[in-house]
Amino acid sequence: MVTRTTGELQRAGDAAKSTSPRRGGVRAWLGDPAGKPLWLGFTGSVVILLGALGAGGVLVHDPVLEGTPLVAWRFGHGYDLAVMTTYLGLALEVWAWVLLGREVIAHRAGARGVLTTALVWILPILISPPLFTRDPYSYLAYGELPLRGFDPYSHGPSVLSGPILDNVHPFWRDTPGMYGPLFIAISKAVVSVTGENMIAGVLALRLILVLGLIPLVAAIPGLCRHLGGRVPTALWIIVANPVMLVVLIGGPHNDLLVIGFLSLGALLVLNRREASGIALVTLAVAVKGTAALALPFLVLVWATRFTGTRRVRILKASAAGLAVFVEIFVLCSLIGQVGLGWLVALNAPTQIVNWLSLPTGVGQILFNLTHVLFNGVVEAPFTIATRVLGVLGFLYLAVKQWLAARDGGPDAVRRAGVVLLLFALLSPATLPWYYTWGAVLLATTTATVRRMQIALLASVFLIISAFPDGEIALYSFGYLLLVMTGAAIAAIALRTPDPRKLRALASSPEPAAAPDQ
């Protein structure tokens, strides 16, 4: 089977558009496709919202529903129905994404159509309780800590009391903050305004984080121009993706700011506005430190604008980039009124032990195989050993990618995306949203239909790796198998609208009646 790139379908798409009737009114303003994918996805978002009111990362004590009959949505059979409702909404959302993807592949959907469709899908989620996570409550706790006189990099939320602490997941209550000074400043600002009103706090935090969409969307056309991708395809993979809807915005997660600053910063560097680009990526680092992995590659792009030998040019660009980084990062630290203690706390996620991290998964497999043969063995030595090997493997691959990118240019940005993706895969501990760091850059490269199918499968898996309330789902193998079977059918349907030929079967003529004897 020959894999065709979406670019190879351009002639067919152009021919189809030239023979299609012109559309007016709202549909023309929204751009194709403003019909079935848009409203099906919007319906899915509304259904997800309704389910999340009972099954999401809801408050321990809800001042809105408690004392009313609606509180039954969160307990017993009501909770079961809420969970089913959430997954029904997710299924509708994924299917709408498939329908939208078909339009993109056939060149019937342009960038405006994909973007406006995705934005309509997002609207109901803006007022949802946290989806598939409880992280927003931890974010608020790290903002409250400095307001109460505690260093968020030395103390966990457990030193607090009140509604914010009550809603922090027990796993994170004794964990100091692992986020950069800019995000601590944002969380602190939110809590200073909303106080202990948890609903207002989550909604305000989400509205701030969703601003990361602005630089992200602004960067996609330029990155596609440099890296060879198609804008509608990139928007479909990044913005219309249910991971964006359910995980990054529904969460919400601060990675939305990271990918926004990172993508626009990379574009500015490619557009010869190097200092501004490095400054924006520094803001991403000031939210989450792992964004710093992209900086050495952007320095290589900048180096091509200096004179001298390759080594001299790289040294000059490194010095200039370091100067910009220090200036911006110090400013963020002053705004956040914190020091560098977060660098020590960056290892906090290593407390997470699950097989979403490839080295951890390999360690768990080895442990289980050994445990069958020998009683009394413990898991820790296996996962520690494989995690160390994973780190060493990542460092080797990262250096190899950097050396291959020494000529700079768009290839250096593409390789930065590869390294960010490798970090999420080989890191000692990984959470679903980590994979978005590299994906946003790689999505703007040339994409085949096969890659779109892989993106669909990976996206569904990342969402369902947790349950709607945020608890881990990676060891519920029957559940994973069931959902991923449906995702595989959806991925096939992205290329083949009727993979089982059910339409032909349904439209086949009835067999003729036997003649009377």
# chains A, B, ... in the order shown; residues from 1 in each chain; ligands from 1
>>> select_by_dssp(residues="range 57-303 of chain A", states="helix (DSSP H, G or I)", output="PyMOL selection string")
chain A and resi 69-74+76-105+111-125+135-147+157-159+163-167+170-172+181-194+198-227+231-238+242-249+255-270+274-285+289-303
>>> residues_around(residues="Val94 in chain A", least_positions_apart="2", cutoff="9 Å", atoms="only C-alpha atoms", output="ChimeraX atom specification")
/A:41,44,89-92,96-99,241-242,456,460,487,490
>>> closest_residue(among="A:Ala405, A:Gly376, A:Pro359, A:Ile472", to="Phe423 in chain A", atoms="only C-alpha atoms")
A:Pro359
>>> closest_residue(among="A:Leu262, A:Val217, A:Leu88, A:Leu431", to="Pro232 in chain A", atoms="only C-alpha atoms")
A:Val217
>>> closest_atom_pairs(of="range 350-438 of chain A", to="range 286-296 of chain A", cutoff="8 Å", atoms="only C-alpha atoms", output="JSON lines")
{"residue": "A:Trp402", "atom": "CA", "partner": "A:Pro296", "partner_atom": "CA", "distance": 7.6}
{"residue": "A:Val413", "atom": "CA", "partner": "A:Ala294", "partner_atom": "CA", "distance": 7.9}
{"residue": "A:Ala416", "atom": "CA", "partner": "A:Ala294", "partner_atom": "CA", "distance": 5.3}
{"residue": "A:Gly417", "atom": "CA", "partner": "A:Ala294", "partner_atom": "CA", "distance": 7.6}
{"residue": "A:Val419", "atom": "CA", "partner": "A:Leu293", "partner_atom": "CA", "distance": 7.5}
{"residue": "A:Leu420", "atom": "CA", "partner": "A:Leu293", "partner_atom": "CA", "distance": 6.8}
{"residue": "A:Trp437", "atom": "CA", "partner": "A:Ala291", "partner_atom": "CA", "distance": 7.7}
>>> write_last_selection(atoms="C-alpha atoms", output="mmCIF file, in the first residue's frame")
data_model
loop_
_atom_site.group_PDB
_atom_site.id
_atom_site.type_symbol
_atom_site.label_atom_id
_atom_site.label_comp_id
_atom_site.auth_asym_id
_atom_site.auth_seq_id
_atom_site.Cartn_x
_atom_site.Cartn_y
_atom_site.Cartn_z
ATOM 1 C CA TRP A 402 21.835 18.323 18.168
ATOM 2 C CA VAL A 413 13.434 23.177 14.929
ATOM 3 C CA ALA A 416 13.940 20.050 18.716
ATOM 4 C CA GLY A 417 10.456 18.572 18.412
ATOM 5 C CA VAL A 419 14.010 15.615 21.301
ATOM 6 C CA LEU A 420 11.021 16.922 23.260
ATOM 7 C CA TRP A 437 5.605 19.571 23.826
#
>>> residues_around(residues="range 212-214 of chain A", least_positions_apart="4", cutoff="6 Å", atoms="only C-alpha atoms", output="ChimeraX atom specification")
/A:256-257,260
>>> residues_around(residues="range 303-308 of chain A", least_positions_apart="2", cutoff="12 Å", atoms="only C-alpha atoms", output="ChimeraX atom specification")
/A:269-274,296-301,310-321,405-410,412
>>> residues_around(residues="range 196-205 of chain A", least_positions_apart="5", cutoff="9 Å", atoms="only C-alpha atoms", output="VMD selection string")
chain A and resid 59 62 126 to 130 136 to 137 139 to 140 162 to 164 167 186 to 187 190 to 191 210 252
>>> closest_residue(among="A:Ile48, A:Leu373, A:Val120, A:Ala141", to="Thr85 in chain A", atoms="only C-alpha atoms")
A:Ile48
>>> closest_residue(among="A:Pro221, A:Val247, A:Lys400, A:Leu426", to="Arg387 in chain A", atoms="only C-alpha atoms")
A:Leu426
>>> closest_residue(among="A:Leu280, A:Leu264, A:Leu123, A:Ala455", to="Leu245 in chain A", atoms="only C-alpha atoms")
A:Leu123
